[in-house]
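Participant: Data: entry_38.cif, mmCIF, C-alpha atoms.
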data_model
#
loop_
_atom_site.label_atom_id
_atom_site.label_comp_id
_atom_site.auth_asym_id
_atom_site.auth_seq_id
_atom_site.Cartn_x
_atom_site.Cartn_y
_atom_site.Cartn_z
CA MET N 25 -1.36 16.38 29.97
CA LYS N 26 0.42 15.60 26.70
CA HIS N 27 -1.44 15.53 23.41
CA ARG N 28 -1.75 11.88 22.41
CA ILE N 29 -1.14 11.06 18.74
CA VAL N 30 -1.85 7.48 17.72
CA VAL N 31 -0.82 6.16 14.30
CA LEU N 32 -2.51 2.97 13.12
CA GLY N 33 -0.25 1.03 10.77
CA ALA N 34 3.49 1.22 10.14
CA GLY N 35 3.68 0.77 6.39
CA TYR N 36 5.25 3.33 4.07
CA ALA N 37 2.74 6.06 4.99
CA GLY N 38 2.29 5.35 8.69
CA ALA N 39 5.97 5.00 9.57
CA TYR N 40 6.86 8.11 7.59
CA VAL N 41 4.14 10.23 9.21
CA ALA N 42 5.02 9.07 12.72
CA GLY N 43 8.72 9.79 12.29
CA ASN N 44 8.12 13.25 10.87
CA LEU N 45 5.70 14.20 13.64
CA ALA N 46 8.22 13.05 16.23
CA ARG N 47 10.86 15.31 14.70
CA ARG N 48 8.66 18.37 14.31
CA LEU N 49 6.60 18.35 17.52
CA SER N 50 8.06 18.87 20.96
CA PRO N 51 8.05 15.75 23.18
CA ALA N 52 7.24 18.06 26.08
CA ASP N 53 3.74 18.43 24.63
CA THR N 54 3.12 15.31 22.54
CA GLU N 55 3.14 11.56 22.95
CA ILE N 56 3.26 9.50 19.74
CA THR N 57 2.27 5.83 19.64
CA VAL N 58 2.41 3.60 16.57
CA VAL N 59 0.22 0.49 16.58
CA ASN N 60 1.23 -2.31 14.22
CA ALA N 61 0.39 -5.99 14.16
CA VAL N 62 3.89 -7.21 13.22
CA PRO N 63 7.32 -6.15 14.49
CA ASP N 64 8.96 -5.56 11.13
CA PHE N 65 8.60 -3.05 8.31
CA VAL N 66 7.22 -4.69 5.19
CA GLN N 67 8.54 -3.53 1.82
CA ARG N 68 5.28 -4.11 0.04
CA LEU N 69 6.65 -2.78 -3.23
CA ARG N 70 8.98 -5.77 -3.34
CA LEU N 71 6.81 -8.64 -2.12
CA ASN N 72 6.54 -10.07 -5.64
CA GLN N 73 10.34 -10.25 -5.65
CA LEU N 74 10.33 -11.97 -2.27
CA ALA N 75 7.88 -14.56 -3.58
CA ALA N 76 10.04 -15.19 -6.64
CA GLY N 77 13.09 -15.92 -4.50
CA ARG N 78 14.95 -12.71 -3.75
CA GLU N 79 16.07 -11.86 -0.23
CA ILE N 80 14.21 -8.69 0.78
CA GLU N 81 15.12 -6.78 3.92
CA ALA N 82 12.51 -6.51 6.69
CA PRO N 83 13.85 -3.94 9.19
CA GLN N 84 12.60 -4.15 12.77
CA LEU N 85 10.28 -1.29 13.65
CA ALA N 86 11.91 -1.00 17.06
CA ASP N 87 15.12 -0.11 15.24
CA VAL N 88 13.32 2.21 12.81
CA PHE N 89 11.86 4.26 15.68
CA ALA N 90 14.89 4.05 17.99
CA GLY N 91 15.84 7.47 19.32
CA THR N 92 12.66 9.17 18.08
CA GLY N 93 10.64 8.92 21.29
CA ILE N 94 7.90 7.05 19.43
CA ARG N 95 6.18 4.29 21.39
CA LEU N 96 5.66 1.09 19.41
CA ARG N 97 2.65 -1.03 20.36
CA LEU N 98 2.68 -4.45 18.72
CA ALA N 99 -1.01 -5.28 18.62
CA ARG N 100 -3.91 -5.93 16.30
CA VAL N 101 -6.50 -3.17 16.06
CA THR N 102 -9.99 -4.60 16.54
CA ALA N 103 -12.08 -1.41 16.55
CA VAL N 104 -11.98 2.37 16.45
CA ASP N 105 -14.46 4.47 18.43
CA PRO N 106 -14.14 8.06 17.21
CA GLU N 107 -16.86 9.29 19.58
CA ARG N 108 -14.95 8.12 22.68
CA GLN N 109 -11.60 8.70 20.96
CA VAL N 110 -10.26 5.23 21.72
CA VAL N 111 -8.79 2.37 19.72
CA ALA N 112 -9.41 -1.20 20.84
CA VAL N 113 -6.37 -3.45 20.44
CA ALA N 114 -5.60 -7.12 21.03
CA ASP N 115 -2.13 -8.44 21.86
CA ALA N 116 -0.43 -11.24 23.76
CA ASP N 117 -1.39 -9.61 27.05
CA GLY N 118 -5.06 -9.37 26.14
CA GLY N 119 -5.07 -5.82 24.81
CA GLY N 120 -7.44 -3.05 25.83
CA ASP N 121 -8.33 0.51 24.88
CA LEU N 122 -5.83 3.08 23.69
CA GLY N 123 -6.96 6.69 23.95
CA TYR N 124 -6.00 9.42 21.51
CA ASP N 125 -6.41 13.13 20.85
CA THR N 126 -5.30 12.90 17.21
CA LEU N 127 -5.59 9.68 15.24
CA VAL N 128 -3.73 8.89 12.01
CA TYR N 129 -5.39 5.99 10.19
CA ALA N 130 -2.69 4.47 7.99
CA PHE N 131 -3.82 0.92 7.37
CA GLY N 132 -2.93 -0.27 3.92
CA SER N 133 -4.93 -2.65 1.74
CA HIS N 134 -5.26 -6.40 1.40
CA VAL N 135 -6.13 -8.72 -1.45
CA ALA N 136 -9.79 -8.73 -2.52
CA ASP N 137 -11.32 -11.96 -3.80
CA GLN N 138 -13.97 -10.02 -5.78
CA GLY N 139 -16.52 -12.61 -4.66
CA VAL N 140 -14.87 -15.36 -6.72
CA PRO N 141 -15.32 -18.78 -5.07
CA GLY N 142 -12.15 -20.58 -4.04
CA VAL N 143 -9.78 -17.60 -3.92
CA ALA N 144 -9.41 -17.65 -0.13
CA GLU N 145 -8.99 -21.43 -0.03
CA HIS N 146 -6.78 -22.11 -3.02
CA ALA N 147 -5.08 -18.94 -4.31
CA PHE N 148 -1.79 -17.38 -3.24
CA ASN N 149 -1.15 -13.63 -3.09
CA VAL N 150 1.66 -11.12 -2.60
CA ALA N 151 -0.24 -8.59 -0.48
CA GLY N 152 1.66 -9.42 2.72
CA ARG N 153 5.03 -10.82 3.72
CA PRO N 154 3.68 -14.11 5.18
CA SER N 155 1.59 -14.78 2.06
CA ALA N 156 4.54 -13.97 -0.22
CA LEU N 157 6.71 -16.40 1.73
CA ARG N 158 4.06 -19.11 1.46
CA LEU N 159 4.03 -18.64 -2.30
CA ARG N 160 7.82 -18.76 -2.37
CA GLU N 161 7.86 -22.05 -0.48
CA HIS N 162 5.29 -23.50 -2.85
CA LEU N 163 7.26 -22.38 -5.91
CA ASP N 164 10.34 -24.02 -4.41
CA SER N 165 8.44 -27.29 -4.19
CA LEU N 166 7.30 -26.98 -7.81
CA GLY N 167 10.82 -26.25 -8.95
CA SER N 168 12.10 -29.42 -7.32
CA ARG N 169 9.82 -31.58 -9.46
CA SER N 170 11.28 -33.09 -12.59
CA GLU N 171 8.29 -31.97 -14.67
CA GLY N 172 8.30 -28.43 -13.25
CA GLY N 173 4.91 -26.83 -12.72
CA SER N 174 2.46 -24.20 -13.90
CA VAL N 175 1.87 -20.79 -12.32
CA LEU N 176 -1.25 -18.78 -13.19
CA VAL N 177 -1.29 -15.10 -12.23
CA VAL N 178 -4.82 -13.70 -12.25
CA GLY N 179 -5.05 -9.94 -12.76
CA ASP N 180 -3.11 -7.72 -15.17
CA GLY N 181 -2.78 -4.63 -13.01
CA LEU N 182 0.69 -3.47 -12.06
CA THR N 183 1.01 -6.08 -9.31
CA GLY N 184 -0.02 -8.89 -11.63
CA ILE N 185 2.35 -7.82 -14.40
CA GLU N 186 5.29 -7.47 -12.02
CA THR N 187 4.55 -10.78 -10.29
CA ALA N 188 4.26 -12.78 -13.51
CA THR N 189 7.42 -11.36 -15.08
CA GLU N 190 9.43 -11.64 -11.87
CA ILE N 191 8.52 -15.30 -11.35
CA ALA N 192 9.12 -16.13 -15.01
CA GLU N 193 12.59 -14.60 -14.96
CA ALA N 194 13.63 -16.01 -11.58
CA ARG N 195 12.22 -19.51 -12.17
CA PRO N 196 12.57 -20.39 -15.85
CA GLY N 197 11.71 -24.03 -15.16
CA LEU N 198 8.11 -23.07 -14.38
CA SER N 199 5.39 -22.32 -16.91
CA VAL N 200 3.91 -18.88 -16.18
CA ALA N 201 0.65 -17.48 -17.57
CA LEU N 202 -1.00 -14.10 -16.95
CA VAL N 203 -4.78 -13.78 -17.08
CA ALA N 204 -6.07 -10.38 -18.22
CA ARG N 205 -9.74 -9.42 -18.06
CA GLY N 206 -9.27 -7.13 -21.07
CA GLU N 207 -6.31 -6.15 -23.23
CA LEU N 208 -2.90 -6.59 -21.62
CA GLY N 209 -1.66 -3.26 -20.28
CA ALA N 210 -4.81 -1.41 -21.27
CA ARG N 211 -3.87 1.60 -19.12
CA LEU N 212 -0.51 2.03 -20.86
CA SER N 213 0.35 3.88 -24.04
CA ALA N 214 0.47 1.96 -27.31
CA GLY N 215 4.26 1.88 -27.27
CA ALA N 216 4.40 0.70 -23.66
CA ARG N 217 1.88 -2.04 -24.42
CA ARG N 218 4.07 -3.30 -27.23
CA HIS N 219 7.10 -3.22 -24.94
CA LEU N 220 5.19 -5.18 -22.30
CA ARG N 221 4.13 -7.81 -24.79
CA ARG N 222 7.71 -8.20 -26.03
CA ALA N 223 8.88 -8.63 -22.44
CA CYS N 224 6.28 -11.34 -21.81
CA ASP N 225 7.34 -13.12 -25.00
CA ARG N 226 11.01 -12.90 -24.02
CA LEU N 227 10.34 -14.30 -20.56
CA GLY N 228 7.98 -16.98 -21.79
CA VAL N 229 4.88 -15.59 -20.07
CA THR N 230 1.71 -16.78 -21.78
CA VAL N 231 -0.87 -13.98 -21.88
CA LEU N 232 -4.57 -14.86 -21.81
CA GLU N 233 -6.55 -11.72 -22.68
CA HIS N 234 -10.28 -11.06 -22.38
CA THR N 235 -10.57 -13.87 -19.85
CA THR N 236 -12.76 -13.74 -16.74
CA VAL N 237 -12.11 -16.14 -13.87
CA GLU N 238 -15.25 -17.43 -12.17
CA ALA N 239 -13.79 -19.93 -9.69
CA VAL N 240 -10.46 -21.11 -8.32
CA GLU N 241 -9.86 -24.74 -7.46
CA ALA N 242 -6.83 -26.53 -6.03
CA THR N 243 -5.31 -27.45 -9.40
CA ARG N 244 -7.23 -25.39 -11.94
CA VAL N 245 -9.09 -22.16 -12.64
CA LEU N 246 -12.55 -22.06 -14.19
CA CYS N 247 -13.29 -19.27 -16.68
CA ALA N 248 -16.55 -17.65 -17.77
CA ASP N 249 -16.32 -19.14 -21.26
CA GLY N 250 -16.20 -22.66 -19.83
CA THR N 251 -12.45 -23.05 -20.15
CA ALA N 252 -10.56 -24.82 -17.35
CA LEU N 253 -6.94 -23.71 -16.94
CA ALA N 254 -4.56 -26.08 -15.17
CA SER N 255 -2.59 -24.42 -12.38
CA ASP N 256 -0.20 -25.74 -9.76
CA ALA N 257 -0.04 -22.28 -8.18
CA THR N 258 -2.73 -19.65 -8.74
CA VAL N 259 -1.62 -16.16 -7.69
CA TRP N 260 -4.50 -13.74 -7.16
CA THR N 261 -3.73 -10.07 -7.92
CA ALA N 262 -7.15 -9.04 -9.24
CA GLY N 263 -7.85 -6.18 -6.90
CA PHE N 264 -7.28 -4.89 -3.38
CA ALA N 265 -9.61 -3.83 -0.55
CA VAL N 266 -9.17 -1.74 2.59
CA ASN N 267 -9.59 -2.75 6.21
CA PRO N 268 -13.29 -2.73 7.20
CA ILE N 269 -12.59 -1.15 10.60
CA ALA N 270 -13.07 2.40 9.32
CA ALA N 271 -16.53 1.64 7.93
CA ALA N 272 -17.55 -0.10 11.15
CA SER N 273 -16.34 2.81 13.29
CA GLY N 274 -18.84 5.41 12.09
CA LEU N 275 -16.29 7.46 10.17
CA GLU N 276 -17.65 8.72 6.87
CA VAL N 277 -16.36 6.37 4.17
CA THR N 278 -16.94 5.66 0.50
CA GLY N 279 -18.77 2.59 -0.73
CA ASN N 280 -15.51 0.63 -0.74
CA GLY N 281 -14.62 1.65 2.82
CA ARG N 282 -12.03 4.38 2.22
CA ILE N 283 -12.17 7.34 4.60
CA VAL N 284 -13.53 10.57 3.10
CA VAL N 285 -11.25 13.50 3.91
CA ASP N 286 -10.87 17.17 3.13
CA ARG N 287 -7.89 18.67 1.28
CA THR N 288 -5.69 18.28 4.36
CA MET N 289 -6.39 14.53 4.87
CA ARG N 290 -8.72 15.22 7.83
CA SER N 291 -11.88 13.17 8.14
CA VAL N 292 -14.92 15.17 7.09
CA SER N 293 -16.97 13.58 9.88
CA HIS N 294 -14.44 13.52 12.74
CA PRO N 295 -11.84 16.33 12.52
CA ASN N 296 -9.32 14.79 14.93
CA VAL N 297 -8.93 11.77 12.63
CA TYR N 298 -6.58 11.87 9.64
CA ALA N 299 -6.21 9.19 6.96
CA VAL N 300 -3.27 8.47 4.65
CA GLY N 301 -2.19 5.84 2.14
CA ASP N 302 -4.49 3.24 0.64
CA SER N 303 -7.20 3.80 3.26
CA VAL N 304 -7.95 7.41 2.27
CA HIS N 305 -10.35 8.73 -0.36
CA ALA N 306 -8.48 11.91 -1.28
CA ILE N 307 -9.26 14.10 -4.25
CA GLY N 308 -6.11 15.00 -6.15
CA ASP N 309 -5.26 18.30 -7.76
CA ASN N 310 -6.80 17.01 -10.99
CA GLY N 311 -10.20 16.59 -9.33
CA ARG N 312 -10.00 12.79 -9.34
CA PRO N 313 -9.48 10.40 -6.43
CA LEU N 314 -5.85 9.45 -5.91
CA PRO N 315 -5.24 5.78 -6.71
CA MET N 316 -3.91 3.25 -4.22
CA SER N 317 -0.16 3.52 -4.78
CA CYS N 318 3.14 4.18 -3.05
CA GLY N 319 3.22 7.63 -4.65
CA SER N 320 -0.20 8.49 -3.25
CA ALA N 321 0.93 7.32 0.19
CA GLY N 322 3.79 9.79 0.04
CA TYR N 323 1.69 12.76 -1.01
CA THR N 324 -1.16 12.08 1.44
CA GLY N 325 1.33 11.43 4.24
CA ARG N 326 3.16 14.71 3.68
CA GLN N 327 -0.11 16.63 3.57
CA ALA N 328 -1.31 15.06 6.82
CA ILE N 329 1.98 15.97 8.51
CA GLU N 330 1.65 19.61 7.48
CA ALA N 331 -1.97 19.71 8.65
CA ILE N 332 -1.35 18.11 12.04
CA VAL N 333 1.73 20.19 12.80
CA GLY N 334 0.05 23.37 11.62
CA ARG N 335 -3.15 22.90 13.59
CA LEU N 336 -1.51 21.69 16.79
CA THR N 337 0.99 24.55 16.85
CA GLY N 338 -1.45 27.25 15.80
CA ARG N 339 0.15 27.87 12.43
CA GLN N 340 -1.28 28.09 8.94
CA VAL N 341 -1.68 24.72 7.27
CA ALA N 342 0.37 24.43 4.08
CA ASN N 343 -1.19 22.62 1.15
CA GLY N 344 1.21 20.32 -0.65
CA LYS N 345 0.78 18.67 -4.03
CA LEU N 346 -1.71 15.85 -4.47
CA VAL N 347 -0.75 14.47 -7.85
CA TYR N 348 -0.46 11.23 -9.76
CA LEU N 349 2.32 11.54 -12.33
CA TYR N 350 3.45 8.12 -13.56
CA ASN N 351 3.44 4.34 -13.35
CA ALA N 352 6.76 2.60 -12.77
CA ILE N 353 6.64 -1.10 -13.62
CA SER N 354 9.41 -3.66 -13.20
CA LEU N 355 9.59 -6.52 -15.70
CA GLY N 356 12.14 -8.65 -13.91
CA ARG N 357 15.50 -7.29 -12.80
CA ARG N 358 16.75 -5.78 -16.05
CA ASP N 359 13.64 -4.44 -17.78
CA GLY N 360 10.84 -2.07 -16.93
CA ILE N 361 8.39 0.58 -18.09
CA TRP N 362 8.18 4.21 -17.01
CA GLN N 363 4.77 5.51 -18.09
CA PRO N 364 3.95 9.20 -17.48
CA VAL N 365 0.26 10.10 -17.12
CA ASP N 366 -1.56 13.33 -17.88
CA GLY N 367 -3.71 15.51 -15.65
CA GLN N 368 -6.63 13.14 -16.04
CA GLY N 369 -4.61 10.10 -15.07
CA GLN N 370 -4.42 8.78 -18.64
CA ALA N 371 -1.21 7.46 -20.17
CA LYS N 372 0.78 9.96 -22.21
CA PRO N 373 1.94 8.79 -25.67
CA SER N 374 5.60 8.71 -24.61
CA TYR N 375 7.16 6.11 -22.31
CA MET N 376 10.55 4.77 -21.29
CA GLY N 377 11.37 1.07 -21.40
CA GLY N 378 14.30 -1.23 -20.76
CA ARG N 379 17.19 -1.09 -18.33
CA LYS N 380 16.90 2.63 -17.61
CA ALA N 381 13.25 2.21 -16.57
CA ALA N 382 14.28 -0.75 -14.41
CA ARG N 383 16.93 1.39 -12.69
CA ILE N 384 14.35 4.09 -12.00
CA LYS N 385 12.02 1.53 -10.43
CA ARG N 386 14.85 0.21 -8.25
CA ALA N 387 15.62 3.77 -7.18
CA ILE N 388 11.97 4.25 -6.16
CA GLU N 389 12.07 1.04 -4.13
CA LYS N 390 15.30 2.00 -2.40
CA GLY N 391 14.16 5.58 -1.86
CA SER N 392 10.89 4.46 -0.32
CA LEU N 393 12.75 2.23 2.13
CA TRP N 394 15.35 4.87 2.93
CA GLY N 395 12.69 7.52 3.50
CA THR N 396 10.90 5.20 5.92
CA LEU N 397 14.08 4.35 7.84
CA HIS N 398 15.18 8.02 7.93
CA PRO N 399 11.90 9.99 8.09
CA THR N 400 13.46 12.96 9.86
CA PHE N 401 16.33 13.53 7.43
CA GLY N 402 16.51 17.08 6.14
CA LEU N 403 13.77 18.40 8.42
CA PRO N 404 14.22 21.42 10.68
CA ARG N 405 15.75 20.46 14.01
CA ARG N 406 13.42 22.71 15.94
CA GLN N 407 10.60 20.82 17.63
CA ARG N 408 7.63 23.11 17.95
CA ARG N 409 5.54 23.50 21.08
CA LEU N 410 1.79 23.07 20.89
CA ALA N 411 -0.71 25.90 20.98
CA ALA N 412 -2.75 26.27 24.17
CA ALA N 413 -5.90 24.83 22.60
CA PRO N 414 -5.07 22.80 19.48
CA GLU N 415 -7.81 22.79 16.88
CA ALA N 416 -7.49 19.04 16.32
CA SER N 417 -8.75 18.31 19.86
CA ALA N 418 -12.10 19.97 19.22
CA GLY N 419 -14.00 16.68 18.84
CA LYS N 420 -16.71 15.83 16.35
CA THR N 421 -18.36 18.54 14.31
CA SER N 422 -20.81 18.54 11.45
CA GLY N 423 -18.12 18.79 8.78
CA ALA N 424 -14.53 19.91 9.07
CA ALA N 425 -13.10 23.01 7.54
CA ALA N 426 -10.27 22.63 5.08
#
Is it possible to give me this structure as structure tokens?

Facilitator:
Amino acid sequence: MKHRIVVLGAGYAGAYVAGNLARRLSPADTEITVVNAVPDFVQRLRLNQLAAGREIEAPQLADVFAGTGIRLRLARVTAVDPERQVVAVADADGGGDLGYDTLVYAFGSHVADQGVPGVAEHAFNVAGRPSALRLREHLDSLGSRSEGGSVLVVGDGLTGIETATEIAEARPGLSVALVARGELGARLSAGARRHLRRACDRLGVTVLEHTTVEAVEATRVLCADGTALASDATVWTAGFAVNPIAAASGLEVTGNGRIVVDRTMRSVSHPNVYAVGDSVHAIGDNGRPLPMSCGSAGYTGRQAIEAIVGRLTGRQVANGKLVYLYNAISLGRRDGIWQPVDGQGQAKPSYMGGRKAARIKRAIEKGSLWGTLHPTFGLPRRQRRLAAAPEASAGKTSGAAA
């Protein structure tokens, strides 16, 4: 019987891991299935651009996996049972249970309302392609009005900054404001913060610092100081959360639901489960948890690949880098910030801004897409056979070795 590998989620991390495993493991011994709720690959790095009006490619996953031997199951995962080693799925045919020997949990994250009333009912977000398209349609309607409209972006993390500046540049007829809980760009160096502020001034983005939102209504936002901010479109970017399925499954997770793993991305409670991307709580080489980011997805994905291939084929598991080196921020199409960080994840004094930083960010976006569409490029052509008794099939133990 073939060893069944099931990958949950086909975002940047999941699609990359699945493609690499298909290239490196012999199909005579393994069967790889990817479960994803939608048929296309979502370029999450560019959803703010999609909302602002750009045309962003959404490749079909069937085309991405064509010729790899990977089975694509379009279904919604409703539960994971790591004791029985099954995944419950729901699809147009009713769904059922999908068994596995090795599971790769690669669900990304979704917008978190932080308990603020009205976010779910009245706010837009750019955490998924459908929600980005809904925002785009709404912005189109505002742009058709003679008096224009107001857009309020809540949250000054990287997503909030990129969303506000992208909309302001693409739709100059709209009034755009960015709400920051503290100082704008607090995680950046002093020079990068000044560059960011100049970019906001140039694009006409009003920055509201040290402002806490307590409620979102249909046409306004209520702040902790009693201020009411008018808004024709409130875009919520103030935090992200992971899928609750891992916490409900009995896997060991952190307080925010991210799966606790060892150095090789293997669950510390169930050694035949691996986690990658936003859903994993992985300790980087600096001793700190890796942040939710595209870069982290790449490093955790590569480490999981090495671990799965090594254990299933009876070879030594190679440890790759688990690092967090920089923040790349787009400020519209022609401006950006490249901010290196030190070993503790703090911004270094130096930074790069302007068109060159924007080109670097575009290269990252294109490279991430290309790597997903061509996950087997440059890998050895030899597909390795499995060992007689792969370690990953051992079942639950009281703690997994690194």

Participant: Mind listing whatever residues come within 12 Å of the point (12.1, -19.2, -6.2)? Use all atoms listed in the file, file coordinates, and give them as a CSV table (one decimal) with C-alpha atoms, in the frame of the given file.

Facilitator:
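Output below, filename out.csv:
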chain,number,residue,atom,x,y,z
N,72,ASN,CA,6.5,-10.1,-5.6
N,73,GLN,CA,10.3,-10.2,-5.6
N,74,LEU,CA,10.3,-12.0,-2.3
N,75,ALA,CA,7.9,-14.6,-3.6
N,76,ALA,CA,10.0,-15.2,-6.6
N,77,GLY,CA,13.1,-15.9,-4.5
N,78,ARG,CA,15.0,-12.7,-3.8
N,79,GLU,CA,16.1,-11.9,-0.2
N,156,ALA,CA,4.5,-14.0,-0.2
N,157,LEU,CA,6.7,-16.4,1.7
N,158,ARG,CA,4.1,-19.1,1.5
N,159,LEU,CA,4.0,-18.6,-2.3
N,160,ARG,CA,7.8,-18.8,-2.4
N,161,GLU,CA,7.9,-22.0,-0.5
N,162,HIS,CA,5.3,-23.5,-2.8
N,163,LEU,CA,7.3,-22.4,-5.9
N,164,ASP,CA,10.3,-24.0,-4.4
N,165,SER,CA,8.4,-27.3,-4.2
N,166,LEU,CA,7.3,-27.0,-7.8
N,167,GLY,CA,10.8,-26.2,-9.0
N,168,SER,CA,12.1,-29.4,-7.3
N,190,GLU,CA,9.4,-11.6,-11.9
N,191,ILE,CA,8.5,-15.3,-11.4
N,192,ALA,CA,9.1,-16.1,-15.0
N,193,GLU,CA,12.6,-14.6,-15.0
N,194,ALA,CA,13.6,-16.0,-11.6
N,195,ARG,CA,12.2,-19.5,-12.2
N,196,PRO,CA,12.6,-20.4,-15.8
N,197,GLY,CA,11.7,-24.0,-15.2
N,198,LEU,CA,8.1,-23.1,-14.4

Participant: Given the file above and the PyMOL selection byres ((chain N and resi 135-144) around 9), which residues are selected, and can you give them as a list in words?

Facilitator: Ser133, His134, Glu145, His146, Ala147, Phe148, Asn149, Val150, Ala151, Gly152, Val237, Glu238, Ala239, Val240, Glu241, Ala242, Thr258, Trp260, Thr261, Ala262, Gly263, Phe264, Ala265 and Val266 of chain N

Participant: Between N:Thr278, N:Leu410, N:Lys380, N:Thr288, single out the one closest to Gly338 of chain N, counting all atoms listed in the file.

Facilitator: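 Closest residue, counting all atoms listed in the file: N:Leu410.
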
Participant: Arg287 of chain N: which residues within 10 Å, counting all atoms listed in the file, same-chain residues fewer than 6 positions away excluded, as a PyMOL selection string?

Facilitator: chain N and resi 306-309+324+327-328+331+343-344+346+425-426

Participant: Find, counting all atoms listed in the file, the residue in N:Thr92, N:Gln67, N:Ser213, N:Ser293 that gets nearest to Ser273 of chain N.

Facilitator: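 Closest to Ser273 of chain N, using all atoms listed in the file: N:Ser293.
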
Participant: Which polymer residues have any atom within 10 Å of an atom of Leu127 of chain N, counting only C-alpha atoms, with same-chain residues fewer than 2 positions away left out, as a PyMOL selection string?

Facilitator: chain N and resi 28-32+56-57+104+106+109-111+123-125+129-130+290+294-299+332+416

Participant: Once 8 Å is added on each side, what are the centre and the three edge lengths, in Å to one decimal, of the axis-aligned box enclosing the listed atoms of segment 73-83 of chain N? Present them as JSON.

Facilitator:
{"center_x": 12.0, "center_y": -9.9, "center_z": 1.3, "size_x": 24.2, "size_y": 28.0, "size_z": 31.8}
